[in-house]
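Report on the structure given below.
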Amino acid sequence: MGGRVDESCVLVDGPWTHRFVGANGSRFHVVEAGTGPLVLFLHGFPEFWWAWHDVLPRIADSGFRAVAIDLRGYGASDKPPRGYDGYTMAADITGLIRALGERNATIVGAGAGGMIGWAAAAFHPKLVNRLVVLGAAHPLRLRAALFADPRGQFAASSSALRFQVPRYEHVLTRDNAAMVGELMTSWTGPQWRETPEFADYVARCREAMQIPQAAFCALEAYRWVFRSALRLQGYRFVKLMQKPLITPTLQLHGGLDTATLPRTAQGSGRYVLAPYEWRLIPEVGHFLHQEATDVITGEVLRWLKSN
């Protein structure tokens, strides 16, 4: 993987179309397949749109317009120095729904993308008609657990605490982003970890994190979460997030998730007024969409077709 990495490494060919869409003042790389009601897929850290490459064609074949994006700061999307707060990233997503010519969408978010999904549904309920969250607690549940569960979630979040160190992105990208591989290995369930697919996925994520500025942008979102806890902007975010969701929400979580512990995520339903389901998927870790693709695809389709 030597040599300089550029954004072309994420423009992988397949049964989908790559294009660039302007929304909320930035340019986003979107990958789409199929026609029908819009389903927008949001990857987590340290991933990029490729997180959904197995799921995307299957959802498209089932009669939906399936669109995976590179979040602000990732992959081939713009990497502005600012805008990694919860408000702006939620507005990115709802801006994209409009920019794609739709009035609303189902959001499927994994990890950090799931956190953005929670915020988008809370702040812009008319634009999010269904929500599927994978491996992500409601932001207020995560916040509470960091304080209330020092040996559990606080310890599990130690890598995010390290991300607060200035210029830590240079540590993240050192040795061809070796640390990305280490984090992914520690967050993954043992069954997938031993497969060639896992090795290929880690290699792709390591490469994408070496795109200039991508690591800085990825860490800025984590920095905002911790910085905002002590600031007025964070207080406002908490107040807004306390409003219960009116979006039907399906929450899927890996039983072996060591990044966001199942017990942290489990209480998230208290923030949902609409129909809500919690499902724990045993034997898988943080990357459910990769570790249990068939189960996740089936669950997403079930939720899309439920009343």
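We name chains A, B, ... following the order of the structure tokens; residues begin at 1 in each chain, and ligands are numbered from 1 as shown.
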
Listing only residues of stretch 195-297 of chain A within 12 Å of stretch 58-68 of chain A, what is the closest atom pair and its distance in Å (to one decimal) for each, using only C-alpha atoms, sorted by chain and residue number ascending, as CSV?
residue,atom,partner,partner_atom,distance
A:Thr293,CA,A:Arg58,CA,10.2
A:Asp294,CA,A:Arg58,CA,9.6
A:Ile296,CA,A:Ile59,CA,10.8
A:Thr297,CA,A:Ile59,CA,7.2

Distance query stretch 181-187 of chain A at most 7 Å, only C-alpha atoms, self and fewer than 4 positions along chain excluded, as an MDAnalysis selection string:
chainID A and resid 193 202 206 257:259 285:286

Output file for the residues above (all heavy atoms, as a PDB file, in the first residue's frame):
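The file below, again.pdb, is the result:
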ATOM      1  N   ARG A 193     -13.429 -12.172  12.044  1.00  0.00           N
ATOM      2  CA  ARG A 193     -12.031 -11.743  12.141  1.00  0.00           C
ATOM      3  C   ARG A 193     -11.094 -12.712  11.440  1.00  0.00           C
ATOM      4  O   ARG A 193     -10.026 -12.323  10.960  1.00  0.00           O
ATOM      5  CB  ARG A 193     -11.673 -11.633  13.630  1.00  0.00           C
ATOM      6  CG  ARG A 193     -10.414 -10.852  13.929  1.00  0.00           C
ATOM      7  CD  ARG A 193     -10.117 -10.899  15.422  1.00  0.00           C
ATOM      8  NE  ARG A 193     -11.146 -10.223  16.197  1.00  0.00           N
ATOM      9  CZ  ARG A 193     -11.482 -10.542  17.453  1.00  0.00           C
ATOM     10  NH1 ARG A 193     -10.884 -11.550  18.064  1.00  0.00           N
ATOM     11  NH2 ARG A 193     -12.420  -9.865  18.093  1.00  0.00           N
ATOM     12  N   VAL A 202     -10.409  -4.545   6.048  1.00  0.00           N
ATOM     13  CA  VAL A 202      -9.478  -3.737   6.843  1.00  0.00           C
ATOM     14  C   VAL A 202      -8.496  -3.009   5.923  1.00  0.00           C
ATOM     15  O   VAL A 202      -8.212  -1.817   6.115  1.00  0.00           O
ATOM     16  CB  VAL A 202      -8.725  -4.618   7.872  1.00  0.00           C
ATOM     17  CG1 VAL A 202      -7.542  -3.875   8.472  1.00  0.00           C
ATOM     18  CG2 VAL A 202      -9.677  -5.058   8.978  1.00  0.00           C
ATOM     19  N   ARG A 206      -8.097   0.976   5.845  1.00  0.00           N
ATOM     20  CA  ARG A 206      -6.791   1.579   6.144  1.00  0.00           C
ATOM     21  C   ARG A 206      -6.363   2.512   5.015  1.00  0.00           C
ATOM     22  O   ARG A 206      -5.863   3.611   5.262  1.00  0.00           O
ATOM     23  CB  ARG A 206      -5.737   0.488   6.352  1.00  0.00           C
ATOM     24  CG  ARG A 206      -5.866  -0.240   7.688  1.00  0.00           C
ATOM     25  CD  ARG A 206      -4.878  -1.389   7.815  1.00  0.00           C
ATOM     26  NE  ARG A 206      -3.478  -0.930   7.782  1.00  0.00           N
ATOM     27  CZ  ARG A 206      -2.437  -1.747   7.856  1.00  0.00           C
ATOM     28  NH1 ARG A 206      -2.623  -3.057   7.964  1.00  0.00           N
ATOM     29  NH2 ARG A 206      -1.211  -1.270   7.820  1.00  0.00           N
ATOM     30  N   ASP A 257     -20.234  -6.652  20.752  1.00  0.00           N
ATOM     31  CA  ASP A 257     -19.743  -5.308  20.417  1.00  0.00           C
ATOM     32  C   ASP A 257     -18.936  -4.760  21.596  1.00  0.00           C
ATOM     33  O   ASP A 257     -19.469  -4.573  22.694  1.00  0.00           O
ATOM     34  CB  ASP A 257     -20.924  -4.379  20.105  1.00  0.00           C
ATOM     35  CG  ASP A 257     -20.499  -3.049  19.485  1.00  0.00           C
ATOM     36  OD1 ASP A 257     -19.362  -2.613  19.737  1.00  0.00           O
ATOM     37  OD2 ASP A 257     -21.320  -2.441  18.772  1.00  0.00           O
ATOM     38  N   THR A 258     -17.644  -4.484  21.352  1.00  0.00           N
ATOM     39  CA  THR A 258     -16.788  -3.948  22.415  1.00  0.00           C
ATOM     40  C   THR A 258     -16.568  -2.448  22.272  1.00  0.00           C
ATOM     41  O   THR A 258     -15.901  -1.837  23.111  1.00  0.00           O
ATOM     42  CB  THR A 258     -15.417  -4.651  22.402  1.00  0.00           C
ATOM     43  OG1 THR A 258     -14.870  -4.539  21.074  1.00  0.00           O
ATOM     44  CG2 THR A 258     -15.540  -6.118  22.782  1.00  0.00           C
ATOM     45  N   ALA A 259     -17.108  -1.831  21.204  1.00  0.00           N
ATOM     46  CA  ALA A 259     -16.972  -0.373  21.022  1.00  0.00           C
ATOM     47  C   ALA A 259     -18.138   0.340  21.721  1.00  0.00           C
ATOM     48  O   ALA A 259     -17.945   1.257  22.508  1.00  0.00           O
ATOM     49  CB  ALA A 259     -16.936  -0.028  19.541  1.00  0.00           C
ATOM     50  N   GLY A 285     -19.725  -8.641  16.435  1.00  0.00           N
ATOM     51  CA  GLY A 285     -19.212  -7.464  17.107  1.00  0.00           C
ATOM     52  C   GLY A 285     -19.825  -6.173  16.587  1.00  0.00           C
ATOM     53  O   GLY A 285     -21.023  -6.106  16.307  1.00  0.00           O
ATOM     54  N   HIS A 286     -18.980  -5.171  16.390  1.00  0.00           N
ATOM     55  CA  HIS A 286     -19.430  -3.810  16.097  1.00  0.00           C
ATOM     56  C   HIS A 286     -19.852  -3.631  14.637  1.00  0.00           C
ATOM     57  O   HIS A 286     -20.656  -2.756  14.330  1.00  0.00           O
ATOM     58  CB  HIS A 286     -18.286  -2.844  16.434  1.00  0.00           C
ATOM     59  CG  HIS A 286     -18.655  -1.399  16.338  1.00  0.00           C
ATOM     60  ND1 HIS A 286     -19.683  -0.836  17.057  1.00  0.00           N
ATOM     61  CD2 HIS A 286     -18.126  -0.388  15.597  1.00  0.00           C
ATOM     62  CE1 HIS A 286     -19.770   0.460  16.779  1.00  0.00           C
ATOM     63  NE2 HIS A 286     -18.839   0.751  15.891  1.00  0.00           N
TER      64      HIS A 286
END

Atomic separation - atom CA of A:Ser77 relative to atom CA of A:Ala292, Å
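Taking atom CA of A:Ala292 and atom CA of A:Ser77, their separation equals 27.1 Å.
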
According to DSSP computed on the backbone, where in stretch 90-245 of chain A is there alpha helix (DSSP H)? Give the residues as a PyMOL selection string.
chain A and resi 90-99+112-123+139-148+155-156+158-162+169-187+190-193+196-209+214-228+232-241

Calculate how many Å separate atom CA of A:Gln251 from atom CA of A:Leu146, rounding to one decimal.
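Pair atom CA of A:Gln251 / atom CA of A:Leu146 returns 20.0 Å.
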
I'd like the contact shell of stretch 225-235 of chain A - 9 Å cut-off, only C-alpha atoms, skipping same-chain residues fewer than 6 positions apart - returned as a ChimeraX atom specification.
/A:85-86,143,160-161,164

Would you mind telling me which residue in A:Leu245, A:Arg98, A:Leu131, A:Leu56 lies nearest to A:Leu273 when using only C-alpha atoms?
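Counting only C-alpha atoms, the residue closest to A:Leu273 is A:Leu245.
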
Which residues are near stretch 23-33 of chain A? Cut-off 9 Å, only C-alpha atoms, ignore same chain within fewer than 2 positions. Put them as a PyMOL selection string.
chain A and resi 11+15-21+35+49+56-57+59-61+64-72+75-80+88+91-99

Give me a file of those residues, with N, CA, C and O atoms, as a compact mmCIF listing (two decimals), in the first residue's frame.
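result_2.txt, freshly written:
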# COMPACT_ATOMS: atom_id res chain seq x y z
N LEU A 11 -13.47 4.83 -5.31
CA LEU A 11 -14.40 4.82 -6.45
C LEU A 11 -14.43 3.43 -7.09
O LEU A 11 -14.04 3.22 -8.23
N PRO A 15 -22.19 -2.92 -9.29
CA PRO A 15 -23.56 -2.72 -9.80
C PRO A 15 -24.19 -1.47 -9.18
O PRO A 15 -25.26 -1.52 -8.58
N TRP A 16 -23.52 -0.35 -9.29
CA TRP A 16 -23.97 0.90 -8.71
C TRP A 16 -23.37 2.05 -9.50
O TRP A 16 -22.50 1.86 -10.35
N THR A 17 -23.84 3.26 -9.24
CA THR A 17 -23.36 4.47 -9.92
C THR A 17 -22.73 5.39 -8.90
O THR A 17 -23.31 5.62 -7.83
N HIS A 18 -21.56 5.92 -9.24
CA HIS A 18 -20.92 6.93 -8.39
C HIS A 18 -21.30 8.31 -8.89
O HIS A 18 -21.26 8.56 -10.09
N ARG A 19 -21.66 9.20 -7.98
CA ARG A 19 -21.78 10.60 -8.38
C ARG A 19 -21.54 11.52 -7.19
O ARG A 19 -21.39 11.06 -6.07
N PHE A 20 -21.51 12.81 -7.49
CA PHE A 20 -21.25 13.81 -6.45
C PHE A 20 -22.46 14.73 -6.34
O PHE A 20 -22.99 15.16 -7.36
N VAL A 21 -22.88 14.97 -5.11
CA VAL A 21 -24.09 15.75 -4.86
C VAL A 21 -23.77 16.85 -3.86
O VAL A 21 -23.14 16.58 -2.82
N THR A 35 -34.23 1.73 -8.02
CA THR A 35 -35.22 2.81 -8.00
C THR A 35 -36.33 2.43 -7.03
O THR A 35 -36.57 1.25 -6.77
N TRP A 49 -18.07 4.45 2.42
CA TRP A 49 -19.31 3.90 1.86
C TRP A 49 -19.25 2.39 1.60
O TRP A 49 -20.28 1.70 1.64
N LEU A 56 -26.09 -3.00 -0.40
CA LEU A 56 -26.67 -2.05 -1.37
C LEU A 56 -27.39 -2.72 -2.54
O LEU A 56 -28.57 -2.43 -2.79
N PRO A 57 -26.73 -3.66 -3.25
CA PRO A 57 -27.41 -4.28 -4.40
C PRO A 57 -28.64 -5.08 -3.98
O PRO A 57 -29.63 -5.15 -4.72
N ILE A 59 -30.71 -4.50 -1.42
CA ILE A 59 -31.82 -3.59 -1.12
C ILE A 59 -32.37 -3.02 -2.44
O ILE A 59 -33.59 -2.90 -2.62
N ALA A 60 -31.45 -2.68 -3.37
CA ALA A 60 -31.88 -2.16 -4.67
C ALA A 60 -32.73 -3.20 -5.42
O ALA A 60 -33.76 -2.86 -6.01
N ASP A 61 -32.31 -4.47 -5.37
CA ASP A 61 -33.05 -5.53 -6.07
C ASP A 61 -34.43 -5.77 -5.46
O ASP A 61 -35.27 -6.43 -6.08
N PHE A 64 -35.99 -0.74 -4.04
CA PHE A 64 -35.68 0.52 -3.37
C PHE A 64 -34.54 1.24 -4.07
O PHE A 64 -33.75 0.64 -4.78
N ARG A 65 -34.49 2.55 -3.85
CA ARG A 65 -33.35 3.34 -4.31
C ARG A 65 -32.35 3.36 -3.16
O ARG A 65 -32.52 4.07 -2.17
N ALA A 66 -31.33 2.55 -3.27
CA ALA A 66 -30.35 2.37 -2.19
C ALA A 66 -29.16 3.28 -2.46
O ALA A 66 -28.53 3.20 -3.52
N VAL A 67 -28.85 4.14 -1.51
CA VAL A 67 -27.77 5.11 -1.67
C VAL A 67 -26.85 5.06 -0.45
O VAL A 67 -27.30 5.27 0.68
N ALA A 68 -25.57 4.76 -0.69
CA ALA A 68 -24.57 4.82 0.38
C ALA A 68 -23.72 6.06 0.14
O ALA A 68 -23.42 6.40 -1.01
N ILE A 69 -23.36 6.75 1.21
CA ILE A 69 -22.57 7.97 1.06
C ILE A 69 -21.25 7.86 1.82
O ILE A 69 -21.11 7.04 2.72
N ASP A 70 -20.31 8.69 1.42
CA ASP A 70 -19.16 8.97 2.28
C ASP A 70 -19.56 10.16 3.15
O ASP A 70 -19.91 11.23 2.63
N LEU A 71 -19.53 9.98 4.46
CA LEU A 71 -19.84 11.07 5.36
C LEU A 71 -18.88 12.23 5.14
O LEU A 71 -17.77 12.05 4.61
N ARG A 72 -19.29 13.42 5.56
CA ARG A 72 -18.41 14.59 5.56
C ARG A 72 -17.04 14.20 6.13
O ARG A 72 -16.93 13.62 7.21
N GLY A 75 -13.65 9.40 2.69
CA GLY A 75 -13.69 8.91 1.31
C GLY A 75 -13.48 10.01 0.30
O GLY A 75 -12.53 10.78 0.37
N ALA A 76 -14.42 10.12 -0.65
CA ALA A 76 -14.32 11.12 -1.72
C ALA A 76 -15.23 12.32 -1.47
O ALA A 76 -15.40 13.14 -2.37
N SER A 77 -15.84 12.40 -0.28
CA SER A 77 -16.63 13.59 0.06
C SER A 77 -15.70 14.73 0.48
O SER A 77 -14.53 14.51 0.79
N ASP A 78 -16.25 15.96 0.48
CA ASP A 78 -15.47 17.13 0.90
C ASP A 78 -14.93 16.95 2.31
O ASP A 78 -15.56 16.28 3.15
N LYS A 79 -13.80 17.59 2.58
CA LYS A 79 -13.15 17.51 3.90
C LYS A 79 -12.91 18.92 4.44
O LYS A 79 -11.76 19.32 4.64
N PRO A 80 -13.98 19.67 4.70
CA PRO A 80 -13.78 21.01 5.25
C PRO A 80 -13.20 20.92 6.66
O PRO A 80 -13.34 19.88 7.33
N THR A 88 -24.53 19.86 12.41
CA THR A 88 -24.15 19.99 11.00
C THR A 88 -24.20 18.65 10.30
O THR A 88 -24.68 18.54 9.16
N ALA A 91 -27.69 17.77 9.57
CA ALA A 91 -28.19 18.59 8.46
C ALA A 91 -27.59 18.15 7.12
O ALA A 91 -28.23 18.31 6.07
N ASP A 92 -26.36 17.60 7.14
CA ASP A 92 -25.79 17.02 5.91
C ASP A 92 -26.74 15.97 5.35
O ASP A 92 -26.99 15.90 4.14
N ILE A 93 -27.22 15.11 6.24
CA ILE A 93 -28.02 13.96 5.80
C ILE A 93 -29.37 14.39 5.28
O ILE A 93 -29.81 13.96 4.21
N THR A 94 -30.03 15.29 6.01
CA THR A 94 -31.35 15.72 5.55
C THR A 94 -31.22 16.61 4.31
O THR A 94 -32.07 16.57 3.42
N GLY A 95 -30.11 17.35 4.21
CA GLY A 95 -29.84 18.11 2.98
C GLY A 95 -29.64 17.19 1.79
O GLY A 95 -30.10 17.49 0.67
N LEU A 96 -28.98 16.06 2.03
CA LEU A 96 -28.76 15.09 0.94
C LEU A 96 -30.08 14.47 0.47
O LEU A 96 -30.26 14.23 -0.73
N ILE A 97 -30.98 14.21 1.43
CA ILE A 97 -32.28 13.64 1.04
C ILE A 97 -32.96 14.57 0.03
O ILE A 97 -33.44 14.15 -1.03
N ARG A 98 -32.95 15.86 0.34
CA ARG A 98 -33.55 16.85 -0.57
C ARG A 98 -32.76 16.95 -1.88
O ARG A 98 -33.34 17.03 -2.96
N ALA A 99 -31.42 16.98 -1.76
CA ALA A 99 -30.57 17.12 -2.95
C ALA A 99 -30.74 15.92 -3.90
O ALA A 99 -30.56 16.05 -5.11

Could you check the closest approach to A:Phe216 for each of A:Thr173, A:Gln290, A:Ser268, A:Ser8 and tell me which residue wins, using only C-alpha atoms?
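Of A:Thr173, A:Gln290, A:Ser268, A:Ser8, the one nearest A:Phe216, counting only C-alpha atoms, is A:Thr173.
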
Using only C-alpha atoms: which of A:Ala51, A:Trp278, A:Phe41, A:Cys9 has the shortest distance to A:Glu197:
A:Ala51

Rounded to one decimal, what separation in Å do you get between atom CA of A:Glu47 and atom CA of A:Arg103?
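According to the coordinates, atom CA of A:Glu47 and atom CA of A:Arg103 are separated by 27.5 Å.
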
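Take the candidates A:Val171, A:Thr264, A:Tyr201, A:Val132 and check each one against A:Ser157 using only C-alpha atoms; the shortest distance goes to A:Thr264.
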
Tell me which protein, DNA and RNA residues are within 12 Å of A:Arg162, counting only C-alpha atoms, leaving out same-chain ones fewer than 3 positions away, and put them as a PDB file with N, CA and C atoms, in the first residue's frame.
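Saved to selection.pdb:
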ATOM      1  N   ALA A 155     -14.453   2.619  29.769  1.00  0.00           N
ATOM      2  CA  ALA A 155     -13.250   1.867  29.391  1.00  0.00           C
ATOM      3  C   ALA A 155     -13.301   1.482  27.908  1.00  0.00           C
ATOM      4  N   ALA A 156     -14.492   1.103  27.426  1.00  0.00           N
ATOM      5  CA  ALA A 156     -14.650   0.728  26.007  1.00  0.00           C
ATOM      6  C   ALA A 156     -14.383   1.920  25.090  1.00  0.00           C
ATOM      7  N   SER A 157     -14.584   3.129  25.609  1.00  0.00           N
ATOM      8  CA  SER A 157     -14.407   4.349  24.804  1.00  0.00           C
ATOM      9  C   SER A 157     -12.999   4.917  24.918  1.00  0.00           C
ATOM     10  N   SER A 158     -12.058   4.125  25.420  1.00  0.00           N
ATOM     11  CA  SER A 158     -10.708   4.654  25.656  1.00  0.00           C
ATOM     12  C   SER A 158     -10.058   5.159  24.370  1.00  0.00           C
ATOM     13  N   SER A 159     -10.344   4.489  23.228  1.00  0.00           N
ATOM     14  CA  SER A 159      -9.735   4.959  21.976  1.00  0.00           C
ATOM     15  C   SER A 159     -10.266   6.339  21.615  1.00  0.00           C
ATOM     16  N   VAL A 165      -6.371  13.968  21.781  1.00  0.00           N
ATOM     17  CA  VAL A 165      -5.016  14.529  21.759  1.00  0.00           C
ATOM     18  C   VAL A 165      -4.796  15.268  20.435  1.00  0.00           C
ATOM     19  N   PRO A 166      -4.334  16.520  20.473  1.00  0.00           N
ATOM     20  CA  PRO A 166      -4.091  17.253  19.220  1.00  0.00           C
ATOM     21  C   PRO A 166      -3.134  16.500  18.300  1.00  0.00           C
ATOM     22  N   ARG A 167      -3.425  16.571  17.024  1.00  0.00           N
ATOM     23  CA  ARG A 167      -2.604  15.952  15.972  1.00  0.00           C
ATOM     24  C   ARG A 167      -2.533  14.431  16.078  1.00  0.00           C
ATOM     25  N   TYR A 168      -3.477  13.839  16.786  1.00  0.00           N
ATOM     26  CA  TYR A 168      -3.474  12.377  16.944  1.00  0.00           C
ATOM     27  C   TYR A 168      -3.707  11.670  15.603  1.00  0.00           C
ATOM     28  N   GLU A 169      -4.249  12.408  14.623  1.00  0.00           N
ATOM     29  CA  GLU A 169      -4.466  11.797  13.299  1.00  0.00           C
ATOM     30  C   GLU A 169      -3.164  11.255  12.713  1.00  0.00           C
ATOM     31  N   VAL A 171      -0.880   9.738  14.407  1.00  0.00           N
ATOM     32  CA  VAL A 171      -0.719   8.418  15.028  1.00  0.00           C
ATOM     33  C   VAL A 171      -1.627   7.413  14.312  1.00  0.00           C
ATOM     34  N   LEU A 172      -2.852   7.850  14.017  1.00  0.00           N
ATOM     35  CA  LEU A 172      -3.841   6.981  13.367  1.00  0.00           C
ATOM     36  C   LEU A 172      -3.366   6.507  11.996  1.00  0.00           C
ATOM     37  N   LEU A 219     -11.524  12.258  13.255  1.00  0.00           N
ATOM     38  CA  LEU A 219     -11.295  12.465  14.690  1.00  0.00           C
ATOM     39  C   LEU A 219     -12.012  13.711  15.199  1.00  0.00           C
ATOM     40  N   TYR A 222     -15.293  12.953  16.820  1.00  0.00           N
ATOM     41  CA  TYR A 222     -15.134  12.416  18.183  1.00  0.00           C
ATOM     42  C   TYR A 222     -14.751  13.534  19.157  1.00  0.00           C
ATOM     43  N   ARG A 223     -13.901  14.429  18.677  1.00  0.00           N
ATOM     44  CA  ARG A 223     -13.485  15.538  19.545  1.00  0.00           C
ATOM     45  C   ARG A 223     -14.680  16.401  19.919  1.00  0.00           C
ATOM     46  N   PHE A 226     -16.792  15.033  22.856  1.00  0.00           N
ATOM     47  CA  PHE A 226     -16.236  15.238  24.201  1.00  0.00           C
ATOM     48  C   PHE A 226     -16.149  16.718  24.560  1.00  0.00           C
TER      49      PHE A 226
END

Would you please work out which residue, of A:Asp175, A:Gly113, A:Pro196, A:Thr106, is nearest to A:Leu42 when using only C-alpha atoms?
A:Gly113

When distances are computed from only C-alpha atoms, which of A:Pro150, A:Gly101, A:Gly44, A:Pro248 shows the smallest separation from A:Leu288?
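For A:Leu288, the nearest of the given residues is A:Gly44.
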
Give me, as a PyMOL selection string, all polymer residues having an atom no more than 10 Å from A:Ala112, counting only C-alpha atoms and skipping those fewer than 2 positions away in the same chain.
chain A and resi 42-47+71+109-110+114-117+133-137+218+221-222
